[in-house]
$ cat entry.txt   # compact mmCIF, C-alpha atoms
# COMPACT_ATOMS: atom_id res chain seq x y z
CA MET A 583 69.25 107.43 -91.40
CA ALA A 584 69.02 105.99 -87.93
CA SER A 585 66.07 103.77 -87.25
CA LEU A 586 63.19 104.86 -85.07
CA ASP A 587 64.29 102.62 -82.26
CA ASP A 588 67.79 104.05 -82.25
CA LEU A 589 66.47 107.58 -82.12
CA LYS A 590 64.18 106.73 -79.24
CA LYS A 591 67.07 105.27 -77.29
CA ARG A 592 69.24 108.29 -77.93
CA ILE A 593 66.55 110.68 -76.80
CA ALA A 594 66.12 108.72 -73.60
CA SER A 595 69.83 108.71 -72.89
CA VAL A 596 70.26 112.43 -73.51
CA LYS A 597 67.32 113.08 -71.25
CA SER A 598 68.85 111.10 -68.43
CA THR A 599 72.15 112.91 -68.89
CA GLN A 600 70.26 116.15 -68.65
CA LYS A 601 68.73 115.01 -65.40
CA ILE A 602 72.17 114.38 -63.97
CA THR A 603 73.62 117.69 -65.07
CA LYS A 604 70.60 119.48 -63.70
CA ALA A 605 71.00 117.79 -60.35
CA MET A 606 74.71 118.62 -60.31
CA LYS A 607 73.91 122.22 -61.05
CA MET A 608 71.52 122.36 -58.12
CA VAL A 609 74.05 120.80 -55.79
CA ALA A 610 76.76 123.18 -56.98
CA ALA A 611 74.46 126.14 -56.46
CA ALA A 612 73.75 125.12 -52.89
CA LYS A 613 77.42 124.48 -52.18
CA LEU A 614 78.38 127.72 -53.88
CA ARG A 615 76.28 129.72 -51.51
CA ARG A 616 78.01 128.15 -48.56
CA ALA A 617 81.48 128.45 -50.06
CA GLN A 618 80.92 132.04 -51.04
CA GLU A 619 79.73 132.85 -47.58
CA SER A 620 82.76 131.35 -45.93
CA ALA A 621 85.06 133.04 -48.43
CA GLU A 622 83.55 136.36 -47.52
CA LYS A 623 83.65 135.62 -43.83
CA GLY A 624 87.28 134.63 -44.08
CA ARG A 625 88.36 137.85 -45.69
CA PRO A 626 88.56 140.06 -42.58
CA TYR A 627 91.09 137.74 -41.00
CA SER A 628 93.53 137.72 -43.88
CA GLU A 629 93.07 141.44 -44.45
CA LYS A 630 93.74 142.28 -40.82
CA MET A 631 96.69 139.93 -40.79
CA ASN A 632 98.07 141.64 -43.87
CA ASN A 633 97.59 145.06 -42.33
CA ILE A 634 99.38 144.14 -39.16
CA ILE A 635 102.28 142.70 -41.09
CA LEU A 636 102.49 145.81 -43.23
CA ASN A 637 102.54 147.98 -40.14
CA LEU A 638 105.13 145.76 -38.53
CA SER A 639 107.44 145.51 -41.48
CA SER A 640 107.40 149.23 -42.06
CA GLY A 641 108.39 149.64 -38.43
CA ILE A 642 111.39 147.37 -38.74
CA SER A 643 114.54 149.40 -38.93
CA ASP A 644 117.07 146.68 -39.32
CA LYS A 645 116.18 145.25 -42.72
CA ALA A 646 119.25 143.07 -42.95
CA ASN A 647 118.30 141.08 -39.89
CA ALA A 648 114.66 140.80 -40.77
CA PRO A 649 113.25 137.29 -40.71
CA LYS A 650 114.00 135.34 -43.86
CA LEU A 651 110.35 134.71 -44.58
CA LEU A 652 110.02 138.44 -45.12
CA SER A 653 113.26 139.33 -46.81
CA GLY A 654 113.90 136.11 -48.69
CA SER A 655 116.88 133.83 -48.56
CA GLY A 656 118.99 136.20 -50.60
CA ASN A 657 118.88 133.96 -53.64
CA ASP A 658 116.50 133.68 -56.51
CA LYS A 659 117.40 130.28 -57.83
CA VAL A 660 114.84 127.68 -56.85
CA HIS A 661 111.17 128.45 -57.22
CA LEU A 662 108.49 126.51 -55.42
CA CYS A 663 105.05 126.65 -56.95
CA VAL A 664 102.01 125.54 -55.02
CA VAL A 665 99.32 124.79 -57.56
CA MET A 666 95.91 124.59 -55.96
CA THR A 667 93.19 122.79 -57.87
CA SER A 668 90.09 120.80 -57.07
CA ASP A 669 89.70 117.11 -56.31
CA ARG A 670 86.76 116.68 -58.61
CA GLY A 671 86.28 117.24 -62.29
CA LEU A 672 83.28 118.41 -64.31
CA CYS A 673 83.74 122.01 -63.39
CA GLY A 674 84.36 123.64 -66.75
CA GLY A 675 87.60 125.46 -67.24
CA PHE A 676 88.31 125.77 -63.53
CA ASN A 677 91.29 123.45 -63.30
CA SER A 678 92.67 124.02 -66.78
CA ASN A 679 92.72 127.76 -66.22
CA ILE A 680 94.95 127.40 -63.18
CA ILE A 681 97.12 124.87 -64.95
CA LYS A 682 97.47 127.11 -67.97
CA LYS A 683 98.51 130.02 -65.80
CA ALA A 684 100.96 127.82 -63.91
CA LYS A 685 102.43 126.34 -67.09
CA ASN A 686 103.04 129.80 -68.54
CA TYR A 687 104.85 130.72 -65.37
CA PHE A 688 106.87 127.49 -65.46
CA ALA A 689 107.90 128.20 -69.04
CA LYS A 690 109.07 131.66 -68.06
CA LEU A 691 111.06 130.23 -65.17
CA ALA A 692 112.69 127.70 -67.45
CA GLU A 693 113.63 130.49 -69.85
CA ASP A 694 115.27 132.41 -67.05
CA GLY A 695 117.21 129.33 -66.03
CA LYS A 696 115.57 128.91 -62.64
CA ASP A 697 114.97 125.62 -60.92
CA LEU A 698 111.42 124.55 -60.40
CA LYS A 699 109.69 122.56 -57.70
CA ILE A 700 105.99 121.91 -57.57
CA ILE A 701 103.56 121.04 -54.84
CA THR A 702 100.11 120.22 -56.09
CA VAL A 703 97.08 120.59 -53.89
CA GLY A 704 94.10 118.69 -55.19
CA SER A 705 94.29 115.61 -57.37
CA LYS A 706 93.13 117.19 -60.63
CA GLY A 707 96.12 119.47 -60.82
CA ASN A 708 98.40 116.56 -60.15
CA ASP A 709 96.79 114.55 -62.96
CA GLN A 710 97.28 117.34 -65.45
CA LEU A 711 100.79 118.30 -64.45
CA LYS A 712 102.40 114.95 -63.88
CA ARG A 713 102.85 114.15 -67.55
CA ALA A 714 104.85 117.25 -68.42
CA TYR A 715 106.36 118.07 -65.05
CA GLY A 716 106.26 114.74 -63.23
CA ASP A 717 109.87 114.94 -62.12
CA LYS A 718 109.38 118.39 -60.63
CA ILE A 719 106.47 117.52 -58.39
CA ILE A 720 107.80 117.03 -54.89
CA ALA A 721 104.51 116.53 -53.12
CA ASN A 722 100.85 116.10 -53.78
CA ILE A 723 98.32 116.95 -51.13
CA SER A 724 94.67 116.15 -51.43
CA PHE A 725 91.85 116.89 -49.05
CA LYS A 726 89.29 114.48 -50.41
CA GLU A 727 88.11 113.57 -46.93
CA SER A 728 87.34 117.05 -45.72
CA LYS A 729 84.10 118.46 -46.97
CA ASN A 730 84.81 122.15 -46.71
CA ALA A 731 88.02 124.08 -46.77
CA ASN A 732 89.17 124.32 -43.19
CA TYR A 733 92.03 126.03 -41.48
CA PHE A 734 93.73 122.88 -40.26
CA ASP A 735 94.26 121.67 -43.80
CA ALA A 736 95.68 125.05 -44.77
CA GLU A 737 97.97 124.92 -41.78
CA LYS A 738 99.25 121.53 -42.88
CA VAL A 739 100.23 122.91 -46.27
CA GLY A 740 101.66 126.03 -44.65
CA LYS A 741 103.81 124.05 -42.25
CA MET A 742 105.15 121.94 -45.07
CA VAL A 743 106.09 125.01 -47.08
CA ILE A 744 107.78 126.64 -44.11
CA GLU A 745 109.67 123.47 -43.24
CA LYS A 746 111.00 123.23 -46.77
CA PHE A 747 111.97 126.86 -46.70
CA GLY A 748 113.74 126.29 -43.40
CA SER A 749 115.81 123.52 -44.91
CA GLU A 750 116.62 125.80 -47.84
CA GLU A 751 114.94 123.70 -50.47
CA PHE A 752 113.69 126.77 -52.32
CA ASP A 753 114.03 130.54 -52.42
CA VAL A 754 110.76 131.86 -53.77
CA CYS A 755 107.30 130.47 -53.23
CA THR A 756 104.27 131.27 -55.35
CA ILE A 757 100.76 129.95 -54.97
CA PHE A 758 98.33 129.49 -57.84
CA TYR A 759 94.60 129.59 -57.31
CA ASN A 760 91.40 130.94 -58.78
CA GLN A 761 90.06 134.10 -57.32
CA PHE A 762 86.30 134.14 -57.10
CA LYS A 763 84.80 137.18 -58.74
CA ASN A 764 81.33 135.96 -59.58
CA VAL A 765 79.64 132.83 -60.78
CA ILE A 766 80.82 133.14 -64.36
CA THR A 767 84.17 134.82 -63.78
CA GLN A 768 87.04 133.32 -61.89
CA ILE A 769 90.44 134.83 -62.28
CA PRO A 770 93.47 132.58 -62.02
CA GLN A 771 95.98 134.17 -59.68
CA ALA A 772 99.66 133.80 -58.99
CA GLN A 773 100.58 135.16 -55.60
CA GLN A 774 104.05 135.23 -54.19
CA ILE A 775 104.11 134.41 -50.49
CA ILE A 776 107.81 133.94 -49.81
CA PRO A 777 109.47 136.39 -49.67
CA LEU A 778 106.49 138.45 -48.79
CA ASN A 779 105.56 141.24 -51.15
CA VAL A 780 105.16 144.33 -49.04
CA GLU A 781 105.61 146.86 -51.76
CA ASN A 782 101.88 147.38 -52.24
CA SER A 783 101.76 149.40 -49.06
CA ASP A 784 100.22 152.41 -50.72
CA GLU A 785 98.38 153.40 -47.58
CA ASP A 786 100.95 155.29 -45.64
CA LYS A 787 100.10 154.82 -42.03
CA SER A 788 103.56 155.27 -40.66
CA ASP A 789 102.51 158.47 -38.91
CA ASP A 790 101.38 156.71 -35.78
CA SER A 791 103.85 154.39 -34.21
CA TYR A 792 103.04 151.21 -32.39
CA GLU A 793 104.18 149.91 -29.13
CA PHE A 794 105.36 146.35 -29.40
CA GLU A 795 105.37 143.68 -26.81
CA PRO A 796 107.64 141.76 -27.18
CA GLU A 797 110.07 143.21 -29.77
CA GLU A 798 109.09 143.73 -33.41
CA ASP A 799 111.22 141.02 -34.88
CA GLU A 800 110.02 138.49 -32.36
CA ILE A 801 106.42 139.25 -33.18
CA LEU A 802 107.21 139.21 -36.85
CA SER A 803 108.93 135.85 -36.76
CA ASN A 804 105.88 134.48 -34.99
CA LEU A 805 103.45 136.13 -37.31
CA LEU A 806 104.97 135.32 -40.69
CA PRO A 807 104.45 131.56 -40.56
CA LYS A 808 100.87 132.20 -39.51
CA ASN A 809 100.46 134.58 -42.39
CA ILE A 810 101.56 131.91 -44.83
CA SER A 811 98.93 129.51 -43.57
CA THR A 812 96.41 132.33 -43.69
CA GLN A 813 97.22 133.16 -47.27
CA ILE A 814 96.96 129.51 -48.23
CA PHE A 815 93.68 129.26 -46.39
CA LYS A 816 92.40 132.31 -48.20
CA ALA A 817 93.42 130.73 -51.50
CA MET A 818 91.60 127.54 -50.52
CA LEU A 819 88.42 129.41 -49.70
CA GLU A 820 88.53 131.40 -52.92
CA ASN A 821 89.26 128.22 -54.79
CA SER A 822 86.35 126.30 -53.36
CA ALA A 823 83.94 129.12 -54.13
CA SER A 824 85.36 129.35 -57.64
CA GLU A 825 85.11 125.60 -58.13
CA GLN A 826 81.43 125.54 -57.25
CA GLY A 827 80.73 128.60 -59.34
CA SER A 828 82.53 127.19 -62.29
CA ARG A 829 80.81 123.85 -61.92
CA MET A 830 77.45 125.52 -61.66
CA SER A 831 77.84 127.44 -64.90
CA ALA A 832 79.35 124.44 -66.66
CA MET A 833 76.44 122.26 -65.61
CA ASP A 834 73.98 124.97 -66.56
CA ASN A 835 75.47 125.00 -70.03
CA ALA A 836 75.41 121.24 -70.22
CA THR A 837 71.76 121.16 -69.23
CA ARG A 838 70.89 123.69 -71.89
CA ASN A 839 72.86 121.85 -74.55
CA ALA A 840 71.17 118.60 -73.64
CA GLY A 841 67.81 120.30 -73.98
CA GLU A 842 68.69 121.53 -77.46
CA MET A 843 69.84 118.08 -78.41
CA VAL A 844 66.62 116.51 -77.19
CA ASP A 845 64.62 118.98 -79.28
CA LYS A 846 66.64 118.24 -82.36
CA LEU A 847 66.41 114.51 -81.91
CA THR A 848 62.68 114.69 -81.29
CA ILE A 849 62.11 116.53 -84.56
CA GLU A 850 64.21 114.00 -86.37
CA TYR A 851 62.29 111.20 -84.71
CA ASN A 852 58.92 112.65 -85.69
CA ARG A 853 60.06 113.24 -89.25
CA SER A 854 61.24 109.74 -89.76
CA ARG A 855 58.09 108.39 -88.14
CA GLN A 856 56.00 110.38 -90.60
CA ALA A 857 58.18 109.32 -93.49
CA ALA A 858 57.68 105.70 -92.51
CA ILE A 859 53.90 106.15 -92.38
CA THR A 860 53.85 107.92 -95.74
CA LYS A 861 55.93 105.19 -97.26
CA GLU A 862 53.57 102.54 -95.98
CA LEU A 863 50.54 104.45 -97.36
CA ILE A 864 52.14 104.77 -100.76
CA GLU A 865 52.84 101.08 -100.76
CA ILE A 866 49.25 100.24 -99.88
CA ILE A 867 47.79 102.63 -102.46
CA SER A 868 50.05 101.49 -105.25
CA GLY A 869 49.32 97.92 -104.28
CA ALA A 870 45.56 98.59 -104.51
CA GLU A 871 45.95 100.35 -107.84
CA SER A 872 47.69 97.47 -109.47
CA LEU A 873 44.79 95.15 -108.76
CA MET B 51 82.85 161.44 -23.83
CA SER B 52 81.98 157.87 -23.38
CA GLU B 53 84.54 155.47 -22.14
CA GLU B 54 83.79 152.82 -24.72
CA PHE B 55 85.65 151.41 -27.67
CA LYS B 56 85.27 148.79 -30.36
CA VAL B 57 86.46 145.24 -30.20
CA GLU B 58 86.47 142.69 -32.97
CA ILE B 59 87.52 139.09 -32.71
CA VAL B 60 88.18 137.28 -35.98
CA ASN B 61 89.18 133.72 -36.64
CA PRO B 62 90.09 132.34 -40.06
CA GLU B 63 86.58 131.09 -40.73
CA LYS B 64 84.61 134.16 -39.77
CA SER B 65 84.28 137.27 -37.72
CA PHE B 66 83.74 135.72 -34.34
CA LEU B 67 82.53 138.69 -32.35
CA ALA B 68 82.14 142.42 -32.86
CA LYS B 69 81.10 144.84 -30.15
CA ASP B 70 81.27 148.58 -29.92
CA ASP B 71 80.26 149.24 -26.35
CA VAL B 72 83.22 147.76 -24.58
CA SER B 73 84.68 149.47 -21.56
CA GLU B 74 87.60 147.18 -20.82
CA VAL B 75 89.27 144.13 -22.30
CA ILE B 76 91.75 141.97 -20.49
CA VAL B 77 93.91 139.85 -22.77
CA PRO B 78 96.53 137.23 -21.87
CA ALA B 79 99.42 138.87 -23.70
CA PHE B 80 102.64 137.01 -24.15
CA GLU B 81 104.45 138.82 -21.40
CA GLY B 82 101.62 138.89 -18.94
CA GLU B 83 98.01 139.89 -18.69
CA MET B 84 97.16 143.23 -20.14
CA GLY B 85 94.09 145.35 -19.49
CA ILE B 86 93.10 147.67 -22.29
CA LEU B 87 90.98 150.77 -21.73
CA LYS B 88 89.89 153.48 -24.09
CA ASP B 89 92.65 155.62 -25.62
CA HIS B 90 95.32 153.06 -24.97
CA ILE B 91 98.46 153.65 -27.03
CA SER B 92 98.62 151.75 -30.34
CA ILE B 93 100.01 148.36 -29.59
CA ILE B 94 100.65 145.02 -31.23
CA SER B 95 101.23 141.95 -29.17
CA PHE B 96 100.52 138.28 -29.28
CA LEU B 97 98.66 136.01 -26.97
CA LYS B 98 99.47 133.00 -24.94
CA PRO B 99 96.81 130.49 -23.92
CA GLY B 100 94.45 132.11 -21.48
CA ILE B 101 91.19 133.89 -20.92
CA ILE B 102 90.06 137.02 -22.71
CA LYS B 103 87.70 139.01 -20.55
CA ILE B 104 85.48 141.58 -22.21
CA LEU B 105 83.61 144.05 -20.02
CA SER B 106 80.79 145.93 -21.62
CA LYS B 107 77.40 147.44 -20.82
CA SER B 108 75.72 144.14 -21.45
CA GLY B 109 77.91 142.46 -18.89
CA GLU B 110 81.03 140.40 -18.81
CA GLU B 111 82.07 137.81 -21.38
CA ASN B 112 84.90 135.35 -21.16
CA PHE B 113 86.67 133.53 -23.96
CA TYR B 114 89.32 130.88 -23.92
CA VAL B 115 92.06 131.35 -26.55
CA GLU B 116 95.08 129.26 -27.40
CA ASP B 117 96.98 131.74 -29.52
CA GLY B 118 96.50 134.93 -31.45
CA ILE B 119 97.54 138.47 -32.13
CA VAL B 120 96.07 141.64 -30.72
CA GLU B 121 96.22 145.01 -32.36
CA PHE B 122 94.91 148.16 -30.75
CA LYS B 123 94.69 151.31 -32.78
CA ASN B 124 92.42 154.36 -32.82
CA ASN B 125 90.20 152.76 -30.23
CA ASN B 126 89.75 149.66 -32.32
CA LEU B 127 90.86 146.45 -30.77
CA SER B 128 91.32 143.56 -33.21
CA ILE B 129 92.05 140.11 -31.97
CA LEU B 130 93.12 137.54 -34.54
CA THR B 131 93.07 134.00 -33.34
CA SER B 132 92.76 130.55 -34.80
CA SER B 133 91.31 128.89 -31.74
CA ILE B 134 88.78 130.63 -29.56
CA TYR B 135 85.91 129.33 -27.44
CA ASN B 136 83.24 131.22 -25.61
CA LEU B 137 83.40 130.04 -22.03
CA SER B 138 79.64 129.94 -21.67
CA ASP B 139 79.45 127.57 -24.66
CA LEU B 140 82.41 125.48 -23.68
CA ASP B 141 81.00 122.39 -22.07
CA LYS B 142 82.81 120.01 -19.80
CA SER B 143 83.50 117.32 -22.39
CA LYS B 144 84.98 119.76 -24.90
CA GLN B 145 87.13 121.20 -22.16
CA LEU B 146 88.37 117.77 -21.21
CA ASP B 147 89.05 117.05 -24.87
CA LEU B 148 91.22 120.12 -25.17
CA LEU B 149 92.95 119.27 -21.93
CA LYS B 150 93.67 115.77 -23.12
CA GLN B 151 95.05 117.08 -26.38
CA ALA B 152 97.32 119.49 -24.56
CA GLU B 153 98.52 116.81 -22.18
CA GLU B 154 99.31 114.52 -25.07
CA GLU B 155 101.32 117.25 -26.67
CA ALA B 156 103.15 117.92 -23.43
CA SER B 157 104.16 114.29 -23.10
CA LYS B 158 105.90 114.27 -26.48
CA SER B 159 109.64 113.95 -26.17
CA GLU B 160 110.83 116.14 -29.05
CA ILE B 161 109.16 119.25 -27.76
CA ASN B 162 111.13 122.48 -27.50
CA ASP B 163 111.15 124.81 -24.53
CA GLN B 164 108.88 127.44 -25.94
CA THR B 165 106.15 125.05 -27.01
CA LYS B 166 106.50 123.27 -23.71
CA TYR B 167 105.89 126.53 -21.92
CA LEU B 168 102.84 127.26 -24.05
CA VAL B 169 101.41 123.81 -23.58
CA ASP B 170 101.91 124.00 -19.83
CA GLN B 171 100.10 127.32 -19.84
CA LYS B 172 97.29 125.72 -21.77
CA ILE B 173 96.93 122.91 -19.29
CA GLU B 174 96.99 125.27 -16.36
CA VAL B 175 94.32 127.52 -17.81
CA LEU B 176 92.11 124.63 -18.84
CA LYS B 177 92.33 123.15 -15.37
CA SER B 178 91.38 126.44 -13.79
CA ILE B 179 88.17 126.75 -15.79
CA ASN B 180 85.16 125.47 -14.00
$ encode --input "entry.txt" --output "structure tokens"
Amino acid sequence: MASLDDLKKRIASVKSTQKITKAMKMVAAAKLRRAQESAEKGRPYSEKMNNIILNLSSGISDKANAPKLLSGSGNDKVHLCVVMTSDRGLCGGFNSNIIKKAKNYFAKLAEDGKDLKIITVGSKGNDQLKRAYGDKIIANISFKESKNANYFDAEKVGKMVIEKFGSEEFDVCTIFYNQFKNVITQIPQAQQIIPLNVENSDEDKSDDSYEFEPEEDEILSNLLPKNISTQIFKAMLENSASEQGSRMSAMDNATRNAGEMVDKLTIEYNRSRQAAITKELIEIISGAESL
Amino acid sequence: MSEEFKVEIVNPEKSFLAKDDVSEVIVPAFEGEMGILKDHISIISFLKPGIIKILSKSGEENFYVEDGIVEFKNNNLSILTSSIYNLSDLDKSKQLDLLKQAEEEASKSEINDQTKYLVDQKIEVLKSIN
């Protein structure tokens, strides 16, 4: 059995850990509120953008000459995966969930004989992927300096993706991120952004036609790159809300576990203290008896 | 029948402005300025750098935009833009900042014709704001 001193030290250390996790939980909760707000505020933009593109692409008659970002490069050989994770750890299963989802997808690609290229956003994803897929990672982007997800960062990633598509480095692009549902649930998502998936156009609005100025395809070729940045930005916003949510519940758990541990250790400490006292008493009594 | 319609301006971060008592909006569309009144035909167009003017009951509001897309449909005008500034909030130093940025961009050598045109527009508009 551990000595009284050891137990005391352990209780103190668990208590200080608990203090830290509690503080982290508070910070995450505050940040979560902000991140959630901006995720919600950012939704109208990407939704409207999506709507306009749907309307536009349904209006395009000449599918063969449609911009490549919409119709694809005609091949299905090289897949680019943008895996978006956080820059900080201690957020529960947040990063590993994305990585797991991505790895499953990679395995499927490998089975189908496709080539794979990876861009990681956020250092944690890079850390976890570089052992198994180090040779596939073509770039790693990290936004450690910027406090909140902002559009300029998303645009940077978007431009890079578009540039690589322009130089025909890949055919299909998929982004991986966590969609924020609520504080305890975040759903890892794989979303294909190039070529754009327009098949989910269940709302048939083709009855009223638009006037375009300038021509459809010119608007479309201007809009599609923007849409990519927008989608990436949306993913970043969802991701940052998810990260904080995940961290908050992880830290909440940790705080509770630490509390349980302190209770258990305290009982053990008291028991051994009592045992020591009893032992001493017995020694004194038996010593007195023998006289 | 009133002669008013809805306008909503959104940027990636948030919904920038929403009004439903607008009588006329003038936007700097790519091929020239365009005034939009109620019951305009459905239209999609994109913007070049310029001033958006919104006329409503509560008066006139002006915004400086650098790019964006406008969609008008069923008397709903949506403007999507990544860079918009309310002219009444835009102070001199910010304006000069933007102007400097634009001028720097214009002085780059590897600039193509279209961006050059846009940047020149930007400079012109920024200079005209007082």
$ residues_around --input "entry.txt" --residues "region 655-672 of chain A" --least-positions-apart "3" --cutoff "6 Å" --atoms "only C-alpha atoms" --output "MDAnalysis selection string"
chainID A and resid 650 677 696:707 752:759
$ atom_distance --input "entry.txt" --atom1 "CA of Phe815 (chain A)" --atom2 "CA of Lys738 (chain A)"
10.2 Å
$ closest_residue --input "entry.txt" --among "A:Leu651, A:Ala684, A:Leu863, A:Leu586" --to "Ile775 (chain A)" --atoms "only C-alpha atoms"
A:Leu651
$ interface_residues --input "entry.txt" --of "chain A" --to "chain B" --cutoff "12 Å" --atoms "all atoms listed in the file" --output "tab-separated table (two decimals) with C-alpha atoms, keeping the file's coordinate frame"
chain	number	residue	atom	x	y	z
A	616	ARG	CA	78.01	128.15	-48.56
A	617	ALA	CA	81.48	128.45	-50.06
A	618	GLN	CA	80.92	132.04	-51.04
A	619	GLU	CA	79.73	132.85	-47.58
A	620	SER	CA	82.76	131.35	-45.93
A	621	ALA	CA	85.06	133.04	-48.43
A	622	GLU	CA	83.55	136.36	-47.52
A	623	LYS	CA	83.65	135.62	-43.83
A	624	GLY	CA	87.28	134.63	-44.08
A	625	ARG	CA	88.36	137.85	-45.69
A	626	PRO	CA	88.56	140.06	-42.58
A	627	TYR	CA	91.09	137.74	-41.00
A	628	SER	CA	93.53	137.72	-43.88
A	629	GLU	CA	93.07	141.44	-44.45
A	630	LYS	CA	93.74	142.28	-40.82
A	631	MET	CA	96.69	139.93	-40.79
A	632	ASN	CA	98.07	141.64	-43.87
A	633	ASN	CA	97.59	145.06	-42.33
A	634	ILE	CA	99.38	144.14	-39.16
A	635	ILE	CA	102.28	142.70	-41.09
A	637	ASN	CA	102.54	147.98	-40.14
A	638	LEU	CA	105.13	145.76	-38.53
A	641	GLY	CA	108.39	149.64	-38.43
A	730	ASN	CA	84.81	122.15	-46.71
A	731	ALA	CA	88.02	124.08	-46.77
A	732	ASN	CA	89.17	124.32	-43.19
A	733	TYR	CA	92.03	126.03	-41.48
A	734	PHE	CA	93.73	122.88	-40.26
A	736	ALA	CA	95.68	125.05	-44.77
A	737	GLU	CA	97.97	124.92	-41.78
A	787	LYS	CA	100.10	154.82	-42.03
A	788	SER	CA	103.56	155.27	-40.66
A	789	ASP	CA	102.51	158.47	-38.91
A	790	ASP	CA	101.38	156.71	-35.78
A	791	SER	CA	103.85	154.39	-34.21
A	792	TYR	CA	103.04	151.21	-32.39
A	793	GLU	CA	104.18	149.91	-29.13
A	794	PHE	CA	105.36	146.35	-29.40
A	795	GLU	CA	105.37	143.68	-26.81
A	796	PRO	CA	107.64	141.76	-27.18
A	797	GLU	CA	110.07	143.21	-29.77
A	798	GLU	CA	109.09	143.73	-33.41
A	799	ASP	CA	111.22	141.02	-34.88
A	800	GLU	CA	110.02	138.49	-32.36
A	801	ILE	CA	106.42	139.25	-33.18
A	802	LEU	CA	107.21	139.21	-36.85
A	803	SER	CA	108.93	135.85	-36.76
A	804	ASN	CA	105.88	134.48	-34.99
A	805	LEU	CA	103.45	136.13	-37.31
A	806	LEU	CA	104.97	135.32	-40.69
A	808	LYS	CA	100.87	132.20	-39.51
A	809	ASN	CA	100.46	134.58	-42.39
A	811	SER	CA	98.93	129.51	-43.57
A	812	THR	CA	96.41	132.33	-43.69
A	813	GLN	CA	97.22	133.16	-47.27
A	814	ILE	CA	96.96	129.51	-48.23
A	815	PHE	CA	93.68	129.26	-46.39
A	816	LYS	CA	92.40	132.31	-48.20
A	818	MET	CA	91.60	127.54	-50.52
A	819	LEU	CA	88.42	129.41	-49.70
$ atom_distance --input "entry.txt" --atom1 "CA of Pro807 (chain A)" --atom2 "CA of Gln826 (chain A)"
29.1 Å
$ residues_near_point --input "entry.txt" --point "(79.9, 142.2, -32.9)" --cutoff "10 Å" --atoms "all atoms listed in the file" --output "list in words"
Lys56, Val57, Glu58, Ile59, Ser65, Phe66, Leu67, Ala68, Lys69, Asp70 and Asp71 of chain B
$ atom_distance --input "entry.txt" --atom1 "CA of Asn679 (chain A)" --atom2 "CA of Lys718 (chain A)"
19.9 Å
$ residues_around --input "entry.txt" --residues "Lys172 (chain B)" --least-positions-apart "6" --cutoff "8 Å" --atoms "all atoms listed in the file" --output "list in words"
Pro99, Gly100, Glu116, Leu149 and Ala152 of chain B
$ decode --input "entry.txt" --residues "region 659-671 of chain A" --atoms "N, CA and C atoms" --output "PDB file, in the first residue's frame"
ATOM      1  N   LYS A 659      -9.136   9.456 -62.230  1.00  0.00           N
ATOM      2  CA  LYS A 659      -7.944   8.693 -61.873  1.00  0.00           C
ATOM      3  C   LYS A 659      -7.326   9.178 -60.564  1.00  0.00           C
ATOM      4  N   VAL A 660      -7.043  10.449 -60.511  1.00  0.00           N
ATOM      5  CA  VAL A 660      -6.331  10.982 -59.348  1.00  0.00           C
ATOM      6  C   VAL A 660      -7.310  11.694 -58.417  1.00  0.00           C
ATOM      7  N   HIS A 661      -7.307  11.276 -57.183  1.00  0.00           N
ATOM      8  CA  HIS A 661      -8.193  11.898 -56.205  1.00  0.00           C
ATOM      9  C   HIS A 661      -7.407  12.772 -55.247  1.00  0.00           C
ATOM     10  N   LEU A 662      -7.875  13.989 -55.066  1.00  0.00           N
ATOM     11  CA  LEU A 662      -7.269  14.866 -54.078  1.00  0.00           C
ATOM     12  C   LEU A 662      -8.190  14.931 -52.864  1.00  0.00           C
ATOM     13  N   CYS A 663      -7.602  14.685 -51.696  1.00  0.00           N
ATOM     14  CA  CYS A 663      -8.420  14.744 -50.496  1.00  0.00           C
ATOM     15  C   CYS A 663      -7.903  15.859 -49.607  1.00  0.00           C
ATOM     16  N   VAL A 664      -8.780  16.770 -49.253  1.00  0.00           N
ATOM     17  CA  VAL A 664      -8.408  17.837 -48.335  1.00  0.00           C
ATOM     18  C   VAL A 664      -8.944  17.455 -46.956  1.00  0.00           C
ATOM     19  N   VAL A 665      -8.024  17.114 -46.074  1.00  0.00           N
ATOM     20  CA  VAL A 665      -8.434  16.650 -44.749  1.00  0.00           C
ATOM     21  C   VAL A 665      -8.289  17.804 -43.767  1.00  0.00           C
ATOM     22  N   MET A 666      -9.406  18.242 -43.221  1.00  0.00           N
ATOM     23  CA  MET A 666      -9.381  19.425 -42.376  1.00  0.00           C
ATOM     24  C   MET A 666      -9.500  19.019 -40.907  1.00  0.00           C
ATOM     25  N   THR A 667      -8.463  19.348 -40.161  1.00  0.00           N
ATOM     26  CA  THR A 667      -8.454  19.016 -38.733  1.00  0.00           C
ATOM     27  C   THR A 667      -8.082  20.256 -37.937  1.00  0.00           C
ATOM     28  N   SER A 668      -7.894  20.080 -36.648  1.00  0.00           N
ATOM     29  CA  SER A 668      -7.572  21.240 -35.826  1.00  0.00           C
ATOM     30  C   SER A 668      -6.059  21.356 -35.649  1.00  0.00           C
ATOM     31  N   ASP A 669      -5.652  22.473 -35.074  1.00  0.00           N
ATOM     32  CA  ASP A 669      -4.229  22.680 -34.797  1.00  0.00           C
ATOM     33  C   ASP A 669      -3.882  22.292 -33.372  1.00  0.00           C
ATOM     34  N   ARG A 670      -4.880  22.072 -32.577  1.00  0.00           N
ATOM     35  CA  ARG A 670      -4.649  21.764 -31.170  1.00  0.00           C
ATOM     36  C   ARG A 670      -5.261  20.422 -30.813  1.00  0.00           C
ATOM     37  N   GLY A 671      -4.671  19.790 -29.842  1.00  0.00           N
ATOM     38  CA  GLY A 671      -5.175  18.498 -29.403  1.00  0.00           C
ATOM     39  C   GLY A 671      -6.155  18.657 -28.246  1.00  0.00           C
TER      40      GLY A 671
END
